[in-house]
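This report concerns only the one structure given below.
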Amino acid sequence: MKIKPKVGVVSCSGECCGLGTLSRVATRFVLEDLRSDQTVTICLPLFLAGETEEHGFAKEHPTITVDGCEKLCARKAVTKYSKEPAEGVNVEALLSEWGVEPPKNRRVLDTEDVETAKRLAELLTDKVDEIQEAA
Amino acid sequence: MGKPILVIPCSGIGKPFGSISRDATFRVCDELRLGKADTLCLSLLVMGDEEAKVKVSTSKCITVDGCPLECSHNNVRRNGGNIVANFKVMDLLRENRGLKPREVTFLDEDGEKLSKLLADRLVIKVDELLEESG
């Protein structure tokens with residue numbers, strides 16, 4: 001039986017707005033509930049400040065980056081220090097495409113925001129499955 | 001009003017302690033000291049964003065770290081930040097051994113308690129710094 005690699009899901013830290021919180025919560029849904037055995041993560045600031053071990057992350061794991069805004073810190077960081085991500089999501093652009101309002105509160109997500117996070121997590125899960133199938 | 005004090009959490013995503021650092025920071029910046037305290041994206045700073053670098057070098061910065069790797073403190077320092085205080089969730093945990101936060105995505109009761117305790121300490125520091133600045 002072929003062992004499929006665990007997929008890395010790396011969220012931006014996104015402290016400046018609710019989009020960062022949404023990215024983070026959706027990422028946690030995937031890691032904790034939806035694909036807990038097939039995914040791993042790393043704190044983006046640790047990855048950025050890290051050395052060989054941390055920078056090897058995307059080389060060991062095909063990685064999906066989850067960025068809250070168009071600055072795409074996670075995608076740029078993984079590309080620069082490790083390897084081109086297998087997939088990337090720009091949450092701000094995605095919400096605009098879905099016609100969904102970004103969270104107003106960056107500490108506490110309301111019911112609608114949590115639903116959006118779940119929808120985002122489902123999309124990430126599809127990408128995890130696609131990556132694993134292709135591996 | 002003077003320049004806001006910058007509170008910069010590590011926002012660690014793997015354990016509850018990073019979530020506590022982030023939650024407490026938002027309590028301070030968005031609720032308890034709105035307009036007097038502010039934050040910025042740590043990753044944006046570490047990626048070398050010039051605006052973020054200027055902000056940390058010209059403001060009084062409080063770093064807030066969830067784990068002993070101290071990503072916030074180390075990264076802000078490396079990027080020329082004017083760090084005037086560093087808070088560690090681990091210190092708070094040692095002082096409150098009965099509290100055992102477990103949830104990362106949404107803080108559980110003990111995580112909320114620690115976040116409030118940390119936010120109260122941050123507020124005291126922010127007020128001190130603002131008073132010093134006149």
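We label chains A, B, ... in the order they appear in the structure tokens, count residues from 1 in each chain, and number ligands from 1 in the order shown.
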
Could the residues of chain B within 9 Å of chain A, counting only C-alpha atoms, be given as a PyMOL selection string, please? chain B and resi 8-14+22-27+30+39-44+46-47+69-72+74-75+104-106

With DSSP run on the backbone, what are the helix (DSSP H, G or I) residues within stretch 21-93 of chain B? I'd like them as a PyMOL selection string. chain B and resi 21-32+42-46+50-58+71-78+89-93

Take the residues from that selection and put them in a file with N, CA and C atoms, as an mmCIF file, in the first residue's frame.
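Saved result, selection_31.cif, follows:
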data_model
loop_
_atom_site.group_PDB
_atom_site.id
_atom_site.type_symbol
_atom_site.label_atom_id
_atom_site.label_comp_id
_atom_site.auth_asym_id
_atom_site.auth_seq_id
_atom_site.Cartn_x
_atom_site.Cartn_y
_atom_site.Cartn_z
ATOM 1 N N SER B 21 -2.630 34.304 23.375
ATOM 2 C CA SER B 21 -1.869 35.539 23.110
ATOM 3 C C SER B 21 -2.642 36.439 22.147
ATOM 4 N N ARG B 22 -3.230 35.819 21.149
ATOM 5 C CA ARG B 22 -3.977 36.553 20.113
ATOM 6 C C ARG B 22 -5.275 37.137 20.685
ATOM 7 N N ASP B 23 -6.008 36.313 21.422
ATOM 8 C CA ASP B 23 -7.289 36.732 21.983
ATOM 9 C C ASP B 23 -7.100 37.906 22.952
ATOM 10 N N ALA B 24 -6.101 37.785 23.814
ATOM 11 C CA ALA B 24 -5.850 38.850 24.803
ATOM 12 C C ALA B 24 -5.476 40.153 24.100
ATOM 13 N N THR B 25 -4.683 40.030 23.044
ATOM 14 C CA THR B 25 -4.271 41.231 22.295
ATOM 15 C C THR B 25 -5.491 41.936 21.694
ATOM 16 N N PHE B 26 -6.404 41.173 21.114
ATOM 17 C CA PHE B 26 -7.602 41.782 20.526
ATOM 18 C C PHE B 26 -8.507 42.390 21.594
ATOM 19 N N ARG B 27 -8.564 41.744 22.756
ATOM 20 C CA ARG B 27 -9.342 42.337 23.854
ATOM 21 C C ARG B 27 -8.829 43.743 24.155
ATOM 22 N N VAL B 28 -7.495 43.876 24.200
ATOM 23 C CA VAL B 28 -6.890 45.163 24.542
ATOM 24 C C VAL B 28 -7.094 46.171 23.405
ATOM 25 N N CYS B 29 -6.755 45.767 22.192
ATOM 26 C CA CYS B 29 -6.766 46.719 21.064
ATOM 27 C C CYS B 29 -8.185 47.093 20.614
ATOM 28 N N ASP B 30 -9.118 46.159 20.707
ATOM 29 C CA ASP B 30 -10.455 46.410 20.158
ATOM 30 C C ASP B 30 -11.496 46.748 21.219
ATOM 31 N N GLU B 31 -11.187 46.441 22.476
ATOM 32 C CA GLU B 31 -12.214 46.646 23.501
ATOM 33 C C GLU B 31 -11.716 47.507 24.672
ATOM 34 N N LEU B 32 -10.652 47.056 25.324
ATOM 35 C CA LEU B 32 -10.260 47.709 26.575
ATOM 36 C C LEU B 32 -9.495 49.022 26.378
ATOM 37 N N LEU B 42 2.214 39.941 12.424
ATOM 38 C CA LEU B 42 3.605 39.549 12.666
ATOM 39 C C LEU B 42 4.250 38.982 11.402
ATOM 40 N N SER B 43 3.494 38.201 10.651
ATOM 41 C CA SER B 43 4.068 37.604 9.440
ATOM 42 C C SER B 43 4.436 38.668 8.411
ATOM 43 N N LEU B 44 3.608 39.683 8.316
ATOM 44 C CA LEU B 44 3.886 40.770 7.369
ATOM 45 C C LEU B 44 5.206 41.459 7.742
ATOM 46 N N LEU B 45 5.395 41.663 9.036
ATOM 47 C CA LEU B 45 6.647 42.274 9.522
ATOM 48 C C LEU B 45 7.833 41.375 9.176
ATOM 49 N N VAL B 46 7.692 40.085 9.456
ATOM 50 C CA VAL B 46 8.813 39.163 9.225
ATOM 51 C C VAL B 46 9.103 39.011 7.733
ATOM 52 N N GLU B 50 8.069 47.181 4.645
ATOM 53 C CA GLU B 50 8.719 48.411 5.105
ATOM 54 C C GLU B 50 7.846 49.208 6.067
ATOM 55 N N GLU B 51 6.554 49.296 5.737
ATOM 56 C CA GLU B 51 5.624 50.049 6.580
ATOM 57 C C GLU B 51 5.560 49.440 7.992
ATOM 58 N N ALA B 52 5.525 48.111 8.036
ATOM 59 C CA ALA B 52 5.475 47.414 9.334
ATOM 60 C C ALA B 52 6.770 47.648 10.110
ATOM 61 N N LYS B 53 7.898 47.650 9.400
ATOM 62 C CA LYS B 53 9.193 47.872 10.058
ATOM 63 C C LYS B 53 9.265 49.273 10.677
ATOM 64 N N VAL B 54 8.802 50.252 9.911
ATOM 65 C CA VAL B 54 8.804 51.634 10.420
ATOM 66 C C VAL B 54 7.896 51.715 11.657
ATOM 67 N N LYS B 55 6.756 51.056 11.572
ATOM 68 C CA LYS B 55 5.796 51.091 12.682
ATOM 69 C C LYS B 55 6.407 50.528 13.971
ATOM 70 N N VAL B 56 7.083 49.387 13.885
ATOM 71 C CA VAL B 56 7.638 48.794 15.119
ATOM 72 C C VAL B 56 8.869 49.549 15.632
ATOM 73 N N SER B 57 9.562 50.225 14.713
ATOM 74 C CA SER B 57 10.765 50.936 15.173
ATOM 75 C C SER B 57 10.426 52.309 15.755
ATOM 76 N N THR B 58 9.265 52.820 15.425
ATOM 77 C CA THR B 58 8.912 54.157 15.909
ATOM 78 C C THR B 58 7.805 54.122 16.970
ATOM 79 N N CYS B 71 8.458 33.602 19.265
ATOM 80 C CA CYS B 71 8.476 34.101 17.881
ATOM 81 C C CYS B 71 8.191 35.600 17.792
ATOM 82 N N SER B 72 7.276 36.070 18.617
ATOM 83 C CA SER B 72 6.953 37.493 18.538
ATOM 84 C C SER B 72 8.160 38.325 18.987
ATOM 85 N N HIS B 73 8.662 38.022 20.184
ATOM 86 C CA HIS B 73 9.787 38.796 20.721
ATOM 87 C C HIS B 73 10.988 38.754 19.777
ATOM 88 N N ASN B 74 11.343 37.562 19.329
ATOM 89 C CA ASN B 74 12.525 37.425 18.471
ATOM 90 C C ASN B 74 12.350 38.109 17.119
ATOM 91 N N ASN B 75 11.186 37.948 16.539
ATOM 92 C CA ASN B 75 10.972 38.539 15.210
ATOM 93 C C ASN B 75 10.868 40.066 15.254
ATOM 94 N N VAL B 76 10.237 40.580 16.290
ATOM 95 C CA VAL B 76 10.121 42.048 16.400
ATOM 96 C C VAL B 76 11.514 42.639 16.653
ATOM 97 N N ARG B 77 12.280 41.962 17.516
ATOM 98 C CA ARG B 77 13.650 42.438 17.797
ATOM 99 C C ARG B 77 14.492 42.431 16.523
ATOM 100 N N ARG B 78 14.450 41.327 15.790
ATOM 101 C CA ARG B 78 15.260 41.211 14.567
ATOM 102 C C ARG B 78 14.884 42.257 13.521
ATOM 103 N N VAL B 89 2.680 33.757 27.889
ATOM 104 C CA VAL B 89 1.514 33.012 28.368
ATOM 105 C C VAL B 89 1.967 31.930 29.350
ATOM 106 N N MET B 90 3.138 31.365 29.114
ATOM 107 C CA MET B 90 3.667 30.303 29.988
ATOM 108 C C MET B 90 3.846 30.792 31.428
ATOM 109 N N ASP B 91 4.280 32.045 31.590
ATOM 110 C CA ASP B 91 4.447 32.601 32.948
ATOM 111 C C ASP B 91 3.103 32.643 33.659
ATOM 112 N N LEU B 92 2.104 33.059 32.925
ATOM 113 C CA LEU B 92 0.751 33.166 33.471
ATOM 114 C C LEU B 92 0.214 31.784 33.853
ATOM 115 N N LEU B 93 0.555 30.828 33.027
ATOM 116 C CA LEU B 93 0.108 29.451 33.257
ATOM 117 C C LEU B 93 0.746 28.900 34.536
#

At what distance in Å, to one decimal, does atom CA of A:Leu19 lie from atom CA of A:Ala93?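 Atom-to-atom, atom CA of A:Ala93 and atom CA of A:Leu19 are spaced 10.6 Å apart.
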
Residue contacts of A:Leu123 (12 Å, only C-alpha atoms) excluding same-chain residues fewer than 2 positions away, as a list of chain:residue names: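 Selected residues are A:Ser23, A:Ala26, A:Thr27, A:Phe29, A:Val30, A:Leu34, A:Ile64, A:Val66, A:Glu87, A:Gly88, A:Val89, A:Val91, A:Leu94, A:Thr116, A:Ala117, A:Lys118, A:Arg119, A:Leu120, A:Ala121, A:Thr125, A:Asp126, A:Lys127, A:Val128, A:Asp129, A:Glu130.
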
Near-B:Leu130 list (9 Å; only C-alpha atoms; drop same-chain fewer than 4 positions) as a list in words: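 Here the answer would be Gly2, Lys3, Pro4, Ile5, Lys36, Lys125, Val126 and Gly134 of chain B.
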
Saved selection, atoms kept: N, CA, C and O atoms, as a PDB file, in the first residue's frame:
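Ended up saving to out_38.pdb:
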ATOM      1  N   GLY B   2      -1.714  60.515  21.749  1.00  0.00           N
ATOM      2  CA  GLY B   2      -0.388  60.084  21.326  1.00  0.00           C
ATOM      3  C   GLY B   2      -0.437  58.840  20.469  1.00  0.00           C
ATOM      4  O   GLY B   2      -1.493  58.300  20.174  1.00  0.00           O
ATOM      5  N   LYS B   3       0.756  58.418  20.105  1.00  0.00           N
ATOM      6  CA  LYS B   3       0.860  57.226  19.265  1.00  0.00           C
ATOM      7  C   LYS B   3       0.403  55.982  20.041  1.00  0.00           C
ATOM      8  O   LYS B   3       0.814  55.794  21.190  1.00  0.00           O
ATOM      9  N   PRO B   4      -0.399  55.118  19.417  1.00  0.00           N
ATOM     10  CA  PRO B   4      -0.830  53.920  20.135  1.00  0.00           C
ATOM     11  C   PRO B   4       0.351  53.004  20.468  1.00  0.00           C
ATOM     12  O   PRO B   4       1.342  52.964  19.739  1.00  0.00           O
ATOM     13  N   ILE B   5       0.215  52.289  21.568  1.00  0.00           N
ATOM     14  CA  ILE B   5       1.201  51.266  21.938  1.00  0.00           C
ATOM     15  C   ILE B   5       0.925  50.043  21.067  1.00  0.00           C
ATOM     16  O   ILE B   5      -0.224  49.637  20.902  1.00  0.00           O
ATOM     17  N   LYS B  36      -5.903  53.378  21.797  1.00  0.00           N
ATOM     18  CA  LYS B  36      -4.664  53.614  22.561  1.00  0.00           C
ATOM     19  C   LYS B  36      -3.666  52.477  22.362  1.00  0.00           C
ATOM     20  O   LYS B  36      -2.481  52.627  22.654  1.00  0.00           O
ATOM     21  N   LYS B 125       0.117  47.680  31.596  1.00  0.00           N
ATOM     22  CA  LYS B 125       1.373  48.081  30.945  1.00  0.00           C
ATOM     23  C   LYS B 125       1.120  49.187  29.918  1.00  0.00           C
ATOM     24  O   LYS B 125       1.883  50.158  29.843  1.00  0.00           O
ATOM     25  N   VAL B 126       0.067  49.039  29.141  1.00  0.00           N
ATOM     26  CA  VAL B 126      -0.257  50.055  28.128  1.00  0.00           C
ATOM     27  C   VAL B 126      -0.477  51.411  28.818  1.00  0.00           C
ATOM     28  O   VAL B 126       0.049  52.443  28.385  1.00  0.00           O
ATOM     29  N   GLY B 134       3.288  60.829  28.297  1.00  0.00           N
ATOM     30  CA  GLY B 134       2.595  62.097  28.566  1.00  0.00           C
ATOM     31  C   GLY B 134       1.407  62.244  27.661  1.00  0.00           C
ATOM     32  O   GLY B 134       1.046  63.264  27.171  1.00  0.00           O
TER      33      GLY B 134
END

Neighbouring residues of A:Lys83 were defined as those with any atom within 10 Å, considering only C-alpha atoms; residues of the same chain fewer than 2 positions away were excluded. Please report them as a VMD selection string. chain A and resid 55 to 63 75 to 81 85 to 86

Those residues with all heavy atoms, as a short mmCIF file (atom, residue, chain, number, x, y, z; two decimals), in the first residue's frame please?
data_model
loop_
_atom_site.label_atom_id
_atom_site.label_comp_id
_atom_site.auth_asym_id
_atom_site.auth_seq_id
_atom_site.Cartn_x
_atom_site.Cartn_y
_atom_site.Cartn_z
N HIS A 55 12.17 25.32 7.46
CA HIS A 55 12.08 25.63 6.03
C HIS A 55 11.92 24.38 5.16
O HIS A 55 11.57 24.47 4.00
CB HIS A 55 13.29 26.45 5.58
CG HIS A 55 13.30 27.84 6.15
ND1 HIS A 55 14.37 28.68 6.09
CD2 HIS A 55 12.34 28.53 6.81
CE1 HIS A 55 14.07 29.83 6.68
NE2 HIS A 55 12.85 29.76 7.13
N GLY A 56 12.16 23.24 5.78
CA GLY A 56 11.97 21.99 5.04
C GLY A 56 10.51 21.58 4.98
O GLY A 56 10.15 20.61 4.30
N PHE A 57 9.65 22.32 5.68
CA PHE A 57 8.24 21.92 5.83
C PHE A 57 7.56 21.62 4.50
O PHE A 57 7.01 20.53 4.30
CB PHE A 57 7.48 23.03 6.58
CG PHE A 57 6.06 22.68 6.90
CD1 PHE A 57 5.76 21.96 8.05
CD2 PHE A 57 5.03 23.05 6.06
CE1 PHE A 57 4.44 21.62 8.35
CE2 PHE A 57 3.71 22.71 6.34
CZ PHE A 57 3.42 21.99 7.49
N ALA A 58 7.58 22.56 3.56
CA ALA A 58 6.85 22.35 2.30
C ALA A 58 7.58 21.37 1.38
O ALA A 58 6.99 20.88 0.41
CB ALA A 58 6.64 23.69 1.59
N LYS A 59 8.84 21.10 1.68
CA LYS A 59 9.55 20.08 0.90
C LYS A 59 9.10 18.69 1.35
O LYS A 59 9.03 17.75 0.57
CB LYS A 59 11.06 20.24 1.09
CG LYS A 59 11.60 21.47 0.37
CD LYS A 59 13.06 21.73 0.69
CE LYS A 59 13.49 23.08 0.16
NZ LYS A 59 14.58 23.66 0.93
N GLU A 60 8.78 18.59 2.65
CA GLU A 60 8.32 17.30 3.19
C GLU A 60 6.83 17.09 2.95
O GLU A 60 6.37 15.98 2.80
CB GLU A 60 8.57 17.26 4.70
CG GLU A 60 10.00 17.04 5.08
CD GLU A 60 10.17 17.13 6.59
OE1 GLU A 60 9.25 16.78 7.33
OE2 GLU A 60 11.25 17.58 7.00
N HIS A 61 6.09 18.19 2.99
CA HIS A 61 4.63 18.09 2.86
C HIS A 61 4.14 18.99 1.72
O HIS A 61 4.43 20.18 1.73
CB HIS A 61 3.94 18.59 4.14
CG HIS A 61 4.44 17.93 5.38
ND1 HIS A 61 4.08 16.65 5.73
CD2 HIS A 61 5.30 18.36 6.35
CE1 HIS A 61 4.68 16.33 6.86
NE2 HIS A 61 5.43 17.34 7.25
N PRO A 62 3.41 18.43 0.75
CA PRO A 62 2.77 19.31 -0.22
C PRO A 62 1.87 20.28 0.57
O PRO A 62 1.12 19.83 1.45
CB PRO A 62 1.94 18.36 -1.09
CG PRO A 62 1.86 17.08 -0.34
CD PRO A 62 3.02 17.02 0.59
N THR A 63 1.99 21.56 0.31
CA THR A 63 1.39 22.54 1.21
C THR A 63 0.30 23.40 0.56
O THR A 63 0.44 23.82 -0.59
CB THR A 63 2.51 23.43 1.80
OG1 THR A 63 3.34 22.60 2.61
CG2 THR A 63 1.97 24.56 2.66
N ARG A 75 1.71 32.47 1.32
CA ARG A 75 2.14 31.95 0.01
C ARG A 75 3.56 32.42 -0.33
O ARG A 75 4.41 31.61 -0.74
CB ARG A 75 1.15 32.41 -1.07
CG ARG A 75 1.53 31.87 -2.42
CD ARG A 75 0.51 32.03 -3.52
NE ARG A 75 0.96 31.23 -4.64
CZ ARG A 75 0.54 30.00 -4.89
NH1 ARG A 75 -0.35 29.44 -4.13
NH2 ARG A 75 1.02 29.33 -5.91
N LYS A 76 3.80 33.71 -0.13
CA LYS A 76 5.14 34.24 -0.46
C LYS A 76 6.21 33.62 0.43
O LYS A 76 7.30 33.31 -0.03
CB LYS A 76 5.14 35.77 -0.29
CG LYS A 76 4.40 36.48 -1.41
CD LYS A 76 4.37 37.97 -1.17
CE LYS A 76 3.51 38.68 -2.19
NZ LYS A 76 3.25 40.07 -1.84
N ALA A 77 5.88 33.43 1.71
CA ALA A 77 6.87 32.89 2.65
C ALA A 77 7.22 31.44 2.30
O ALA A 77 8.40 31.08 2.24
CB ALA A 77 6.32 32.95 4.07
N VAL A 78 6.21 30.64 2.03
CA VAL A 78 6.46 29.22 1.72
C VAL A 78 7.25 29.12 0.41
O VAL A 78 8.20 28.34 0.29
CB VAL A 78 5.13 28.43 1.67
CG1 VAL A 78 5.34 27.04 1.11
CG2 VAL A 78 4.52 28.34 3.06
N THR A 79 6.87 29.93 -0.58
CA THR A 79 7.59 29.92 -1.87
C THR A 79 9.04 30.34 -1.70
O THR A 79 9.95 29.71 -2.24
CB THR A 79 6.89 30.88 -2.87
OG1 THR A 79 5.53 30.50 -2.97
CG2 THR A 79 7.55 30.84 -4.24
N LYS A 80 9.25 31.39 -0.91
CA LYS A 80 10.59 31.94 -0.75
C LYS A 80 11.53 30.99 0.01
O LYS A 80 12.67 30.79 -0.38
CB LYS A 80 10.51 33.28 -0.01
CG LYS A 80 11.83 33.99 0.16
CD LYS A 80 11.62 35.37 0.76
CE LYS A 80 12.96 36.05 1.00
NZ LYS A 80 12.80 37.36 1.67
N TYR A 81 11.02 30.42 1.10
CA TYR A 81 11.92 29.67 1.97
C TYR A 81 11.87 28.15 1.81
O TYR A 81 12.74 27.45 2.30
CB TYR A 81 11.65 30.02 3.44
CG TYR A 81 11.98 31.45 3.76
CD1 TYR A 81 10.98 32.37 4.03
CD2 TYR A 81 13.30 31.89 3.77
CE1 TYR A 81 11.29 33.70 4.32
CE2 TYR A 81 13.62 33.21 4.05
CZ TYR A 81 12.60 34.11 4.33
OH TYR A 81 12.92 35.41 4.60
N PRO A 85 3.97 26.35 -3.05
CA PRO A 85 2.85 25.59 -2.47
C PRO A 85 2.09 24.80 -3.52
O PRO A 85 1.99 25.24 -4.68
CB PRO A 85 1.96 26.67 -1.86
CG PRO A 85 2.77 27.90 -1.82
CD PRO A 85 3.83 27.78 -2.87
N ALA A 86 1.54 23.67 -3.12
CA ALA A 86 0.74 22.86 -4.05
C ALA A 86 -0.55 23.60 -4.40
O ALA A 86 -1.06 23.49 -5.51
CB ALA A 86 0.42 21.51 -3.41
#

Could you list, as a PDB file with C-alpha atoms, in the first residue's frame, every residue within 9 Å of B:Lys116, counting only C-alpha atoms and ignoring same-chain residues fewer than 2 positions away?
ATOM      1  CA  ILE B  20      -4.566  33.056  24.164  1.00  0.00           C
ATOM      2  CA  ASP B  23      -7.289  36.732  21.983  1.00  0.00           C
ATOM      3  CA  ALA B  24      -5.850  38.850  24.803  1.00  0.00           C
ATOM      4  CA  ARG B  27      -9.342  42.337  23.854  1.00  0.00           C
ATOM      5  CA  GLY B 111      -8.435  29.641  27.953  1.00  0.00           C
ATOM      6  CA  GLU B 112     -10.892  32.539  28.267  1.00  0.00           C
ATOM      7  CA  LYS B 113      -9.875  33.065  31.898  1.00  0.00           C
ATOM      8  CA  LEU B 114      -6.194  33.193  30.956  1.00  0.00           C
ATOM      9  CA  LEU B 118      -3.367  38.467  30.293  1.00  0.00           C
ATOM     10  CA  ALA B 119      -5.435  41.308  28.830  1.00  0.00           C
ATOM     11  CA  ASP B 120      -5.689  42.924  32.277  1.00  0.00           C
ATOM     12  CA  ARG B 121      -1.908  42.835  32.618  1.00  0.00           C
TER      13      ARG B 121
END
